[in-house]
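Heads up, upload-v9.pdb below (PDB, C-alpha atoms and all ligand atoms):
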```
ATOM      1  CA  MET A  30      10.618   3.757 -35.139
ATOM      2  CA  ASN A  31       9.398   0.232 -35.868
ATOM      3  CA  THR A  32      10.595  -1.464 -32.665
ATOM      4  CA  VAL A  33       7.616  -2.417 -30.513
ATOM      5  CA  GLY A  34       7.865  -0.928 -27.069
ATOM      6  CA  ARG A  35       6.592  -2.509 -23.923
ATOM      7  CA  LEU A  36       5.316  -1.070 -20.658
ATOM      8  CA  THR A  37       5.360  -3.205 -17.516
ATOM      9  CA  ILE A  38       3.902  -1.896 -14.262
ATOM     10  CA  ALA A  39       5.517  -3.922 -11.501
ATOM     11  CA  GLY A  40       5.273  -4.237  -7.727
ATOM     12  CA  LEU A  41       8.548  -4.502  -5.795
ATOM     13  CA  GLY A  42       6.951  -5.836  -2.609
ATOM     14  CA  PRO A  43       7.378  -4.311   0.851
ATOM     15  CA  GLY A  44      11.184  -4.035   0.782
ATOM     16  CA  ALA A  45      13.060  -7.306   1.181
ATOM     17  CA  ALA A  46      14.693  -8.690  -1.965
ATOM     18  CA  GLU A  47      13.254 -12.159  -1.202
ATOM     19  CA  LEU A  48       9.755 -10.712  -1.536
ATOM     20  CA  VAL A  49      10.287  -9.544  -5.129
ATOM     21  CA  THR A  50       8.547 -12.163  -7.302
ATOM     22  CA  PRO A  51      10.669 -14.004  -9.889
ATOM     23  CA  GLU A  52       8.398 -12.568 -12.601
ATOM     24  CA  VAL A  53       9.153  -8.992 -11.499
ATOM     25  CA  ALA A  54      12.885  -9.744 -11.143
ATOM     26  CA  GLU A  55      12.898 -10.990 -14.735
ATOM     27  CA  ALA A  56      11.099  -7.873 -16.006
ATOM     28  CA  LEU A  57      13.669  -5.675 -14.216
ATOM     29  CA  ALA A  58      16.531  -7.705 -15.711
ATOM     30  CA  GLN A  59      15.173  -7.205 -19.246
ATOM     31  CA  ALA A  60      14.202  -3.529 -18.965
ATOM     32  CA  SER A  61      15.876  -0.653 -20.776
ATOM     33  CA  ASP A  62      14.268   1.987 -18.528
ATOM     34  CA  ILE A  63      12.959   2.090 -14.961
ATOM     35  CA  VAL A  64      10.485   4.816 -14.020
ATOM     36  CA  GLY A  65       9.255   5.546 -10.498
ATOM     37  CA  TYR A  66       9.484   7.374  -7.207
ATOM     38  CA  GLY A  67      13.152   7.813  -6.171
ATOM     39  CA  PRO A  68      13.328   5.381  -3.211
ATOM     40  CA  TYR A  69      11.679   2.612  -5.244
ATOM     41  CA  VAL A  70      13.913   3.165  -8.279
ATOM     42  CA  ASP A  71      16.862   2.945  -5.829
ATOM     43  CA  ARG A  72      15.859  -0.645  -5.076
ATOM     44  CA  VAL A  73      16.619  -1.656  -8.683
ATOM     45  CA  PRO A  74      20.286  -2.645  -9.143
ATOM     46  CA  ALA A  75      22.098  -0.422 -11.665
ATOM     47  CA  ARG A  76      23.642  -2.106 -14.709
ATOM     48  CA  PRO A  77      25.022  -1.012 -18.098
ATOM     49  CA  GLY A  78      22.245  -0.309 -20.576
ATOM     50  CA  LEU A  79      19.652   0.467 -17.925
ATOM     51  CA  THR A  80      18.411   4.048 -17.572
ATOM     52  CA  LEU A  81      16.873   5.017 -14.228
ATOM     53  CA  HIS A  82      14.252   7.800 -14.203
ATOM     54  CA  ALA A  83      13.676   8.675 -10.541
ATOM     55  CA  SER A  84      11.086  11.306  -9.710
ATOM     56  CA  ASP A  85       9.366  12.987  -6.816
ATOM     57  CA  ASN A  86       6.383  11.311  -5.132
ATOM     58  CA  ARG A  87       3.677  13.748  -6.195
ATOM     59  CA  VAL A  88       4.041  13.585  -9.954
ATOM     60  CA  GLU A  89       2.374  10.292 -10.783
ATOM     61  CA  LEU A  90       0.715  11.535 -13.975
ATOM     62  CA  ASP A  91       3.911  13.125 -15.391
ATOM     63  CA  ARG A  92       5.749   9.938 -14.541
ATOM     64  CA  SER A  93       3.077   7.849 -16.253
ATOM     65  CA  ARG A  94       3.212   9.983 -19.407
ATOM     66  CA  LEU A  95       7.010   9.699 -19.464
ATOM     67  CA  ALA A  96       6.753   5.909 -19.211
ATOM     68  CA  LEU A  97       4.139   5.704 -21.991
ATOM     69  CA  ASP A  98       6.242   8.020 -24.174
ATOM     70  CA  LEU A  99       9.385   5.923 -23.706
ATOM     71  CA  ALA A 100       7.464   2.735 -24.502
ATOM     72  CA  ALA A 101       6.043   4.429 -27.624
ATOM     73  CA  GLN A 102       9.654   5.087 -28.685
ATOM     74  CA  GLY A 103      10.269   1.344 -28.606
ATOM     75  CA  ARG A 104      11.868   1.073 -25.143
ATOM     76  CA  ASP A 105      11.234  -1.740 -22.654
ATOM     77  CA  VAL A 106       9.960   0.289 -19.716
ATOM     78  CA  VAL A 107       9.195  -0.896 -16.191
ATOM     79  CA  VAL A 108       7.235   1.426 -13.897
ATOM     80  CA  VAL A 109       7.932   0.406 -10.292
ATOM     81  CA  SER A 110       5.732   0.734  -7.207
ATOM     82  CA  SER A 111       6.277  -0.560  -3.713
ATOM     83  CA  GLY A 112       4.092  -3.479  -2.693
ATOM     84  CA  ASP A 113       1.534  -4.209  -5.396
ATOM     85  CA  PRO A 114       1.223  -1.672  -8.241
ATOM     86  CA  GLY A 115      -2.574  -1.908  -8.222
ATOM     87  CA  VAL A 116      -2.943  -1.011  -4.536
ATOM     88  CA  PHE A 117      -2.918   2.791  -4.076
ATOM     89  CA  ALA A 118      -0.050   3.008  -6.549
ATOM     90  CA  MET A 119       1.121   3.474 -10.139
ATOM     91  CA  ALA A 120      -1.026   1.062 -12.143
ATOM     92  CA  ALA A 121      -4.170   3.198 -11.898
ATOM     93  CA  ALA A 122      -2.093   6.355 -12.523
ATOM     94  CA  VAL A 123      -0.707   4.881 -15.752
ATOM     95  CA  PHE A 124      -4.205   3.922 -16.928
ATOM     96  CA  GLU A 125      -5.474   7.414 -16.134
ATOM     97  CA  ALA A 126      -2.712   8.836 -18.355
ATOM     98  CA  LEU A 127      -3.449   6.211 -21.028
ATOM     99  CA  GLU A 128      -7.170   7.039 -21.046
ATOM    100  CA  ALA A 129      -6.578  10.781 -21.430
ATOM    101  CA  GLY A 130      -3.492  10.618 -23.636
ATOM    102  CA  ASP A 131      -2.299   9.919 -27.177
ATOM    103  CA  PRO A 132      -4.625   7.294 -28.767
ATOM    104  CA  ALA A 133      -1.515   5.607 -30.238
ATOM    105  CA  TRP A 134      -0.518   4.600 -26.684
ATOM    106  CA  ARG A 135      -3.429   2.134 -26.682
ATOM    107  CA  THR A 136      -1.586  -0.082 -29.166
ATOM    108  CA  LEU A 137       1.330  -0.583 -26.751
ATOM    109  CA  ASP A 138       2.025  -3.893 -25.053
ATOM    110  CA  ILE A 139       1.083  -3.077 -21.440
ATOM    111  CA  ARG A 140       1.082  -5.517 -18.520
ATOM    112  CA  VAL A 141       0.746  -5.325 -14.740
ATOM    113  CA  LEU A 142       2.827  -7.657 -12.542
ATOM    114  CA  PRO A 143       1.555  -8.135  -8.975
ATOM    115  CA  GLY A 144       3.645  -7.722  -5.840
ATOM    116  CA  VAL A 145       3.267  -8.469  -2.142
ATOM    117  CA  THR A 146       1.227  -5.579  -0.816
ATOM    118  CA  ALA A 147       2.008  -4.074   2.620
ATOM    119  CA  MET A 148      -1.156  -5.378   4.298
ATOM    120  CA  LEU A 149      -0.332  -8.981   3.402
ATOM    121  CA  ALA A 150       3.286  -8.680   4.531
ATOM    122  CA  ALA A 151       2.142  -7.013   7.779
ATOM    123  CA  ALA A 152      -0.624  -9.544   8.411
ATOM    124  CA  ALA A 153       1.777 -12.444   7.917
ATOM    125  CA  ARG A 154       4.187 -10.974  10.482
ATOM    126  CA  VAL A 155       1.629 -11.125  13.295
ATOM    127  CA  GLY A 156      -0.436 -14.177  12.320
ATOM    128  CA  ALA A 157      -3.697 -14.001  10.375
ATOM    129  CA  PRO A 158      -5.603 -10.821  11.313
ATOM    130  CA  LEU A 159      -7.197 -10.724   7.834
ATOM    131  CA  GLY A 160      -8.442 -14.323   8.070
ATOM    132  CA  HIS A 161     -12.109 -13.265   7.854
ATOM    133  CA  ASP A 162     -13.710 -10.423   5.817
ATOM    134  CA  PHE A 163     -11.687  -7.224   5.688
ATOM    135  CA  CYS A 164     -11.291  -3.998   3.746
ATOM    136  CA  ALA A 165      -8.418  -1.699   2.828
ATOM    137  CA  ILE A 166      -8.699   2.068   3.208
ATOM    138  CA  ASN A 167      -6.187   4.690   2.117
ATOM    139  CA  LEU A 168      -6.269   7.405   4.812
ATOM    140  CA  SER A 169      -4.675  10.007   2.556
ATOM    141  CA  ASP A 170      -7.020  12.821   1.608
ATOM    142  CA  ASN A 171      -4.780  14.040  -1.221
ATOM    143  CA  LEU A 172      -7.105  12.566  -3.865
ATOM    144  CA  LYS A 173     -10.452  12.434  -2.032
ATOM    145  CA  PRO A 174     -12.285  14.553   0.554
ATOM    146  CA  TRP A 175     -11.583  13.741   4.198
ATOM    147  CA  GLU A 176     -15.359  13.450   4.833
ATOM    148  CA  LEU A 177     -15.410  10.413   2.540
ATOM    149  CA  VAL A 178     -12.577   8.799   4.508
ATOM    150  CA  GLU A 179     -14.519   9.338   7.758
ATOM    151  CA  ARG A 180     -17.703   7.896   6.273
ATOM    152  CA  ARG A 181     -15.917   4.787   5.004
ATOM    153  CA  LEU A 182     -14.170   4.259   8.349
ATOM    154  CA  ARG A 183     -17.477   4.449  10.223
ATOM    155  CA  LEU A 184     -19.316   2.141   7.836
ATOM    156  CA  ALA A 185     -16.458  -0.381   7.804
ATOM    157  CA  ALA A 186     -16.435  -0.329  11.614
ATOM    158  CA  GLN A 187     -20.214  -0.796  11.742
ATOM    159  CA  ALA A 188     -19.991  -3.699   9.281
ATOM    160  CA  ASP A 189     -17.355  -5.220  11.594
ATOM    161  CA  PHE A 190     -14.706  -5.590   8.911
ATOM    162  CA  ALA A 191     -11.096  -5.943   9.934
ATOM    163  CA  MET A 192      -9.297  -3.026   8.249
ATOM    164  CA  ALA A 193      -5.938  -2.435   6.668
ATOM    165  CA  LEU A 194      -5.168   1.289   6.799
ATOM    166  CA  TYR A 195      -2.619   2.584   4.270
ATOM    167  CA  ASN A 196      -0.964   6.016   4.388
ATOM    168  CA  PRO A 197      -2.027   6.678   7.996
ATOM    169  CA  SER A 198       0.073   9.779   8.534
ATOM    170  CA  SER A 199       2.674  12.077   7.009
ATOM    171  CA  ARG A 200       4.173  15.500   7.628
ATOM    172  CA  SER A 201       1.642  17.100   5.287
ATOM    173  CA  ARG A 202      -1.257  15.229   6.979
ATOM    174  CA  PRO A 203      -0.450  15.493  10.699
ATOM    175  CA  TRP A 204      -3.920  15.254  12.334
ATOM    176  CA  GLN A 205      -5.774  12.689  10.245
ATOM    177  CA  PHE A 206      -4.646   9.599  12.126
ATOM    178  CA  ALA A 207      -5.568  11.072  15.535
ATOM    179  CA  ARG A 208      -9.034  11.719  14.110
ATOM    180  CA  THR A 209      -9.115   8.151  12.724
ATOM    181  CA  LEU A 210      -8.513   6.754  16.214
ATOM    182  CA  GLU A 211     -11.303   8.972  17.607
ATOM    183  CA  ILE A 212     -13.768   7.662  15.031
ATOM    184  CA  LEU A 213     -12.774   4.054  15.612
ATOM    185  CA  ARG A 214     -13.167   4.505  19.388
ATOM    186  CA  GLU A 215     -16.667   5.876  18.844
ATOM    187  CA  GLU A 216     -17.648   2.886  16.703
ATOM    188  CA  LYS A 217     -15.717  -0.051  18.180
ATOM    189  CA  GLY A 218     -14.864  -1.602  21.548
ATOM    190  CA  ALA A 219     -11.882  -0.336  23.559
ATOM    191  CA  GLU A 220     -10.294  -3.804  23.500
ATOM    192  CA  THR A 221     -10.284  -4.020  19.694
ATOM    193  CA  VAL A 222      -6.875  -5.233  18.535
ATOM    194  CA  ILE A 223      -4.742  -2.778  16.551
ATOM    195  CA  VAL A 224      -1.402  -3.562  14.904
ATOM    196  CA  PHE A 225       1.224  -1.006  13.853
ATOM    197  CA  ALA A 226       3.553  -2.631  11.327
ATOM    198  CA  ARG A 227       6.355  -0.271  10.343
ATOM    199  CA  SER A 228       8.875  -0.836   7.509
ATOM    200  CA  VAL A 229       7.861  -4.482   7.210
ATOM    201  CA  SER A 230      10.617  -6.720   5.792
ATOM    202  CA  GLN A 231      13.179  -3.897   5.980
ATOM    203  CA  PRO A 232      16.060  -3.667   8.489
ATOM    204  CA  GLN A 233      14.211  -1.007  10.544
ATOM    205  CA  GLU A 234      11.049  -3.141  10.866
ATOM    206  CA  THR A 235       9.024  -2.706  14.066
ATOM    207  CA  ILE A 236       5.732  -4.375  14.952
ATOM    208  CA  ALA A 237       3.520  -3.186  17.830
ATOM    209  CA  VAL A 238       0.329  -4.954  18.913
ATOM    210  CA  SER A 239      -2.027  -2.859  21.039
ATOM    211  CA  THR A 240      -5.682  -2.067  21.707
ATOM    212  CA  LEU A 241      -7.789   0.851  20.518
ATOM    213  CA  ALA A 242      -7.867   2.149  24.100
ATOM    214  CA  GLU A 243      -4.070   2.292  24.305
ATOM    215  CA  ALA A 244      -3.128   3.226  20.749
ATOM    216  CA  ARG A 245      -1.441   6.611  20.285
ATOM    217  CA  PRO A 246      -1.443   8.693  17.083
ATOM    218  CA  GLU A 247       2.397   8.885  17.074
ATOM    219  CA  GLN A 248       2.586   5.121  16.583
ATOM    220  CA  ALA A 249       1.799   5.567  12.874
ATOM    221  CA  ASP A 250       3.856   7.349  10.249
ATOM    222  CA  MET A 251       4.144   7.144   6.474
ATOM    223  CA  ARG A 252       6.050   3.847   6.708
ATOM    224  CA  THR A 253       3.381   2.184   8.833
ATOM    225  CA  LEU A 254       0.575  -0.126   7.814
ATOM    226  CA  VAL A 255      -2.137  -0.229  10.478
ATOM    227  CA  ILE A 256      -4.409  -3.235  10.917
ATOM    228  CA  VAL A 257      -7.556  -2.806  13.008
ATOM    229  CA  GLY A 258      -9.203  -6.035  14.100
ATOM    230  CA  SER A 259     -12.877  -6.957  13.879
ATOM    231  CA  SER A 260     -14.866  -7.887  17.003
ATOM    232  CA  THR A 261     -13.587 -11.476  16.724
ATOM    233  CA  THR A 262      -9.889 -10.701  16.187
ATOM    234  CA  ARG A 263      -7.948 -12.064  19.167
ATOM    235  CA  LEU A 264      -4.495 -12.803  20.571
ATOM    236  CA  ILE A 265      -2.836 -16.096  21.339
ATOM    237  CA  VAL A 266      -0.427 -15.210  24.139
ATOM    238  CA  ARG A 267       2.899 -17.091  24.234
ATOM    239  CA  GLN A 268       5.649 -17.290  26.857
ATOM    240  CA  ASN A 269       8.762 -16.618  24.822
ATOM    241  CA  ALA A 270       7.446 -15.081  21.647
ATOM    242  CA  PRO A 271       5.203 -12.207  20.632
ATOM    243  CA  PRO A 272       1.460 -12.849  20.642
ATOM    244  CA  ILE A 273      -0.178 -14.260  17.532
ATOM    245  CA  VAL A 274      -2.995 -12.064  16.208
ATOM    246  CA  TYR A 275      -5.697 -13.829  14.271
ATOM    247  CA  THR A 276      -9.283 -13.535  13.108
ATOM    248  CA  PRO A 277     -11.144 -16.854  13.025
ATOM    249  CA  ARG A 278     -12.635 -17.797   9.667
ATOM    250  CA  ARG A 279     -16.028 -18.427  11.247
ATOM    251  CA  CYS A 280     -18.288 -15.570  12.375
ATOM    252  CA  ASP A 281     -21.718 -16.326  13.833
ATOM    253  CA  GLY A 282     -23.277 -12.895  13.611
ATOM    254  CA  GLY A 283     -21.276 -10.362  15.479
ATOM    255  CA  ALA A 284     -21.324  -6.670  16.229
ATOM    256  CA  GLY A 285     -22.721  -4.167  13.805
TER     257      GLY A 285
HETATM  258  N1  LIG A 301       1.459  -0.060  -3.402
HETATM  259  C1  LIG A 301       1.831  -0.132  -2.004
HETATM  260  C2  LIG A 301       1.112   0.898  -1.160
HETATM  261  C3  LIG A 301       1.470   2.343  -1.482
HETATM  262  S1  LIG A 301       0.728   3.484  -0.381
HETATM  263  C4  LIG A 301       1.534  -1.556  -1.493
HETATM  264  O1  LIG A 301       0.860  -2.330  -2.173
HETATM  265  O2  LIG A 301       2.011  -1.890  -0.385
HETATM  266  C5  LIG A 301       2.046   3.689   0.797
HETATM  267  C6  LIG A 301       1.660   3.101   2.135
HETATM  268  O3  LIG A 301       1.835   1.684   2.095
HETATM  269  C7  LIG A 301       2.499   3.540   3.323
HETATM  270  O4  LIG A 301       2.068   4.786   3.848
HETATM  271  C8  LIG A 301       2.261   2.404   4.295
HETATM  272  O5  LIG A 301       0.984   2.530   4.886
HETATM  273  C9  LIG A 301       2.217   1.201   3.356
HETATM  274  N2  LIG A 301       3.517   0.505   3.229
HETATM  275  C10 LIG A 301       4.236   0.345   2.084
HETATM  276  N3  LIG A 301       5.346  -0.408   2.337
HETATM  277  C11 LIG A 301       5.315  -0.724   3.653
HETATM  278  C12 LIG A 301       6.164  -1.496   4.510
HETATM  279  N4  LIG A 301       7.287  -2.093   4.066
HETATM  280  N5  LIG A 301       5.816  -1.606   5.807
HETATM  281  C13 LIG A 301       4.679  -1.032   6.280
HETATM  282  N6  LIG A 301       3.838  -0.301   5.517
HETATM  283  C14 LIG A 301       4.150  -0.150   4.210
END
```
What would the structure in this file look like if it were written as structure tokens?
Amino acid sequence: MNTVGRLTIAGLGPGAAELVTPEVAEALAQASDIVGYGPYVDRVPARPGLTLHASDNRVELDRSRLALDLAAQGRDVVVVSSGDPGVFAMAAAVFEALEAGDPAWRTLDIRVLPGVTAMLAAAARVGAPLGHDFCAINLSDNLKPWELVERRLRLAAQADFAMALYNPSSRSRPWQFARTLEILREEKGAETVIVFARSVSQPQETIAVSTLAEARPEQADMRTLVIVGSSTTRLIVRQNAPPIVYTPRRCDGGAG
């Protein structure tokens, strides 16, 4: 076939339609095929001429190969992720498949379109908890040993980073978040601010602001993004509105 295919790896944002960038909306409107995890593919409106390829969550490499194959056949393929596709999501999976796969795939037109990642949507909801240095850690040990997660948590706590914790808990990983709280309590003060932002920008959204001393493992599930403050992260308490959580831009030394 002499048609030139195209592969776009796009982020759909945290859920709300208003948080899909115009660039991503345009790519979806032009696509012939959408490839992704079922619930994300469901966010793309059906229309004549558009083929939806929804798959299970654990088959990222198969899904990536399918997308590359379709693009090689001349299709205009969009691989969708929630949030940003480069943050614990499909972009790296597609490049892993590209690196190991058919050399002809390297001639394809491939682009990555950013999206609003969960930590930014969650941070904006409560104020500016990521206003100073921070890091993002994926708590899932599906693709790395749990010991490495523990080591990174401890070192990030000792360096006094604020932290955005993705994938805190799921049915197949029931104890990891309880252990995360234990480690953080060993390394950080009891009054450290912690935010549980669940289903941000979706109708079921809930936001809870707490402290490390009071946080409970059940407050996090697979739809929750957890933000742990640094030693300078603080609350601005208000009468008729939830507290604002922010981390000042200036830090004069600090814990660690
Ligand atoms: N690529 C996605 C992250 C995929 S990992 C992004 O950039 O946001 C999946 C994890 O992201 C979830 O376990 C949760 O921690 C977080 N997440 C994704 N969407 C979310 C939302 N709307 N609200 C809260 N957390 C979300």
Name the residues that the PyMOL selection byres (((chain A and resi 199) around 12) and not hetatm) picks from the file above, as a PyMOL selection string, using the file's chain letters and numbers.
chain A and resi 168-171+195-198+200-207+246-253
With all atoms listed in the file as the basis for distance, which of A:Val107, A:Ala151, A:Glu55, A:Arg94 is at the shortest distance from Ala129 in chain A?
A:Arg94
Write out as a ChimeraX atom specification each polymer residue (protein, DNA or RNA) that has an atom no more than 8 Å from ligand LIG 301 (chain A), with all atoms listed in the file counted.
/A:40,42-44,110-119,144-148,150-151,167,194-199,226-231,234,250-255
Using the chain letters and numbering of this document, enumerate as number ranges by chain the residues selected by the PyMOL selection byres (((chain A and resi 33) around 12) and not hetatm).
A: 30-32, 34-36, 99-106, 134, 136-139
Can you turn the PyMOL selection byres (((chain A and resi 267-281) around 9) and not hetatm) into a concrete residue list for this file, as an NGL selection string?
:A and (152 or 154-162 or 191 or 222 or 224 or 238 or 258-266 or 282-283)
Here CA of Thr221 in chain A and CA of Gln233 in chain A stand apart by 26.3 Å
Would you fill the gaps in range 36-46 of chain A so it has all heavy atoms, then print it as a PDB file, in the frame of the given file?
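Result written to out39.pdb:
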```pdb
ATOM      1  N   LEU A  36       5.428  -1.734 -21.950  1.00  0.00           N
ATOM      2  CA  LEU A  36       5.316  -1.070 -20.658  1.00  0.00           C
ATOM      3  C   LEU A  36       4.865  -2.089 -19.623  1.00  0.00           C
ATOM      4  O   LEU A  36       3.796  -2.699 -19.756  1.00  0.00           O
ATOM      5  CB  LEU A  36       4.315   0.085 -20.742  1.00  0.00           C
ATOM      6  CG  LEU A  36       4.117   0.874 -19.451  1.00  0.00           C
ATOM      7  CD1 LEU A  36       5.429   1.475 -18.958  1.00  0.00           C
ATOM      8  CD2 LEU A  36       3.118   1.992 -19.675  1.00  0.00           C
ATOM      9  N   THR A  37       5.686  -2.287 -18.599  1.00  0.00           N
ATOM     10  CA  THR A  37       5.360  -3.205 -17.516  1.00  0.00           C
ATOM     11  C   THR A  37       5.195  -2.383 -16.246  1.00  0.00           C
ATOM     12  O   THR A  37       6.040  -1.539 -15.941  1.00  0.00           O
ATOM     13  CB  THR A  37       6.516  -4.211 -17.313  1.00  0.00           C
ATOM     14  OG1 THR A  37       6.753  -4.884 -18.551  1.00  0.00           O
ATOM     15  CG2 THR A  37       6.188  -5.219 -16.234  1.00  0.00           C
ATOM     16  N   ILE A  38       4.120  -2.611 -15.523  1.00  0.00           N
ATOM     17  CA  ILE A  38       3.902  -1.896 -14.262  1.00  0.00           C
ATOM     18  C   ILE A  38       4.057  -2.950 -13.169  1.00  0.00           C
ATOM     19  O   ILE A  38       3.255  -3.894 -13.094  1.00  0.00           O
ATOM     20  CB  ILE A  38       2.506  -1.252 -14.241  1.00  0.00           C
ATOM     21  CG1 ILE A  38       2.270  -0.461 -15.535  1.00  0.00           C
ATOM     22  CG2 ILE A  38       2.356  -0.345 -13.017  1.00  0.00           C
ATOM     23  CD1 ILE A  38       0.816  -0.186 -15.828  1.00  0.00           C
ATOM     24  N   ALA A  39       5.114  -2.819 -12.373  1.00  0.00           N
ATOM     25  CA  ALA A  39       5.517  -3.922 -11.501  1.00  0.00           C
ATOM     26  C   ALA A  39       5.537  -3.520 -10.037  1.00  0.00           C
ATOM     27  O   ALA A  39       5.886  -2.393  -9.687  1.00  0.00           O
ATOM     28  CB  ALA A  39       6.907  -4.417 -11.912  1.00  0.00           C
ATOM     29  N   GLY A  40       5.203  -4.458  -9.176  1.00  0.00           N
ATOM     30  CA  GLY A  40       5.273  -4.237  -7.727  1.00  0.00           C
ATOM     31  C   GLY A  40       6.546  -4.840  -7.166  1.00  0.00           C
ATOM     32  O   GLY A  40       6.870  -5.994  -7.455  1.00  0.00           O
ATOM     33  N   LEU A  41       7.261  -4.043  -6.354  1.00  0.00           N
ATOM     34  CA  LEU A  41       8.548  -4.502  -5.795  1.00  0.00           C
ATOM     35  C   LEU A  41       8.386  -5.160  -4.428  1.00  0.00           C
ATOM     36  O   LEU A  41       9.383  -5.539  -3.809  1.00  0.00           O
ATOM     37  CB  LEU A  41       9.503  -3.307  -5.658  1.00  0.00           C
ATOM     38  CG  LEU A  41       9.913  -2.612  -6.959  1.00  0.00           C
ATOM     39  CD1 LEU A  41      10.796  -1.394  -6.646  1.00  0.00           C
ATOM     40  CD2 LEU A  41      10.643  -3.578  -7.884  1.00  0.00           C
ATOM     41  N   GLY A  42       7.138  -5.254  -3.940  1.00  0.00           N
ATOM     42  CA  GLY A  42       6.951  -5.836  -2.609  1.00  0.00           C
ATOM     43  C   GLY A  42       7.287  -4.823  -1.525  1.00  0.00           C
ATOM     44  O   GLY A  42       7.608  -3.663  -1.800  1.00  0.00           O
ATOM     45  N   PRO A  43       7.233  -5.253  -0.262  1.00  0.00           N
ATOM     46  CA  PRO A  43       7.378  -4.311   0.851  1.00  0.00           C
ATOM     47  C   PRO A  43       8.811  -3.857   1.127  1.00  0.00           C
ATOM     48  O   PRO A  43       9.017  -2.917   1.882  1.00  0.00           O
ATOM     49  CB  PRO A  43       6.825  -5.102   2.041  1.00  0.00           C
ATOM     50  CG  PRO A  43       7.035  -6.534   1.669  1.00  0.00           C
ATOM     51  CD  PRO A  43       6.867  -6.604   0.176  1.00  0.00           C
ATOM     52  N   GLY A  44       9.806  -4.501   0.556  1.00  0.00           N
ATOM     53  CA  GLY A  44      11.184  -4.035   0.782  1.00  0.00           C
ATOM     54  C   GLY A  44      12.237  -5.106   0.609  1.00  0.00           C
ATOM     55  O   GLY A  44      13.204  -4.907  -0.118  1.00  0.00           O
ATOM     56  N   ALA A  45      12.041  -6.253   1.234  1.00  0.00           N
ATOM     57  CA  ALA A  45      13.060  -7.306   1.181  1.00  0.00           C
ATOM     58  C   ALA A  45      13.196  -7.870  -0.232  1.00  0.00           C
ATOM     59  O   ALA A  45      12.194  -8.078  -0.925  1.00  0.00           O
ATOM     60  CB  ALA A  45      12.706  -8.428   2.150  1.00  0.00           C
ATOM     61  N   ALA A  46      14.440  -8.141  -0.622  1.00  0.00           N
ATOM     62  CA  ALA A  46      14.693  -8.690  -1.965  1.00  0.00           C
ATOM     63  C   ALA A  46      13.988 -10.032  -2.156  1.00  0.00           C
ATOM     64  O   ALA A  46      13.516 -10.335  -3.252  1.00  0.00           O
ATOM     65  CB  ALA A  46      16.194  -8.840  -2.191  1.00  0.00           C
TER      66      ALA A  46
END
```
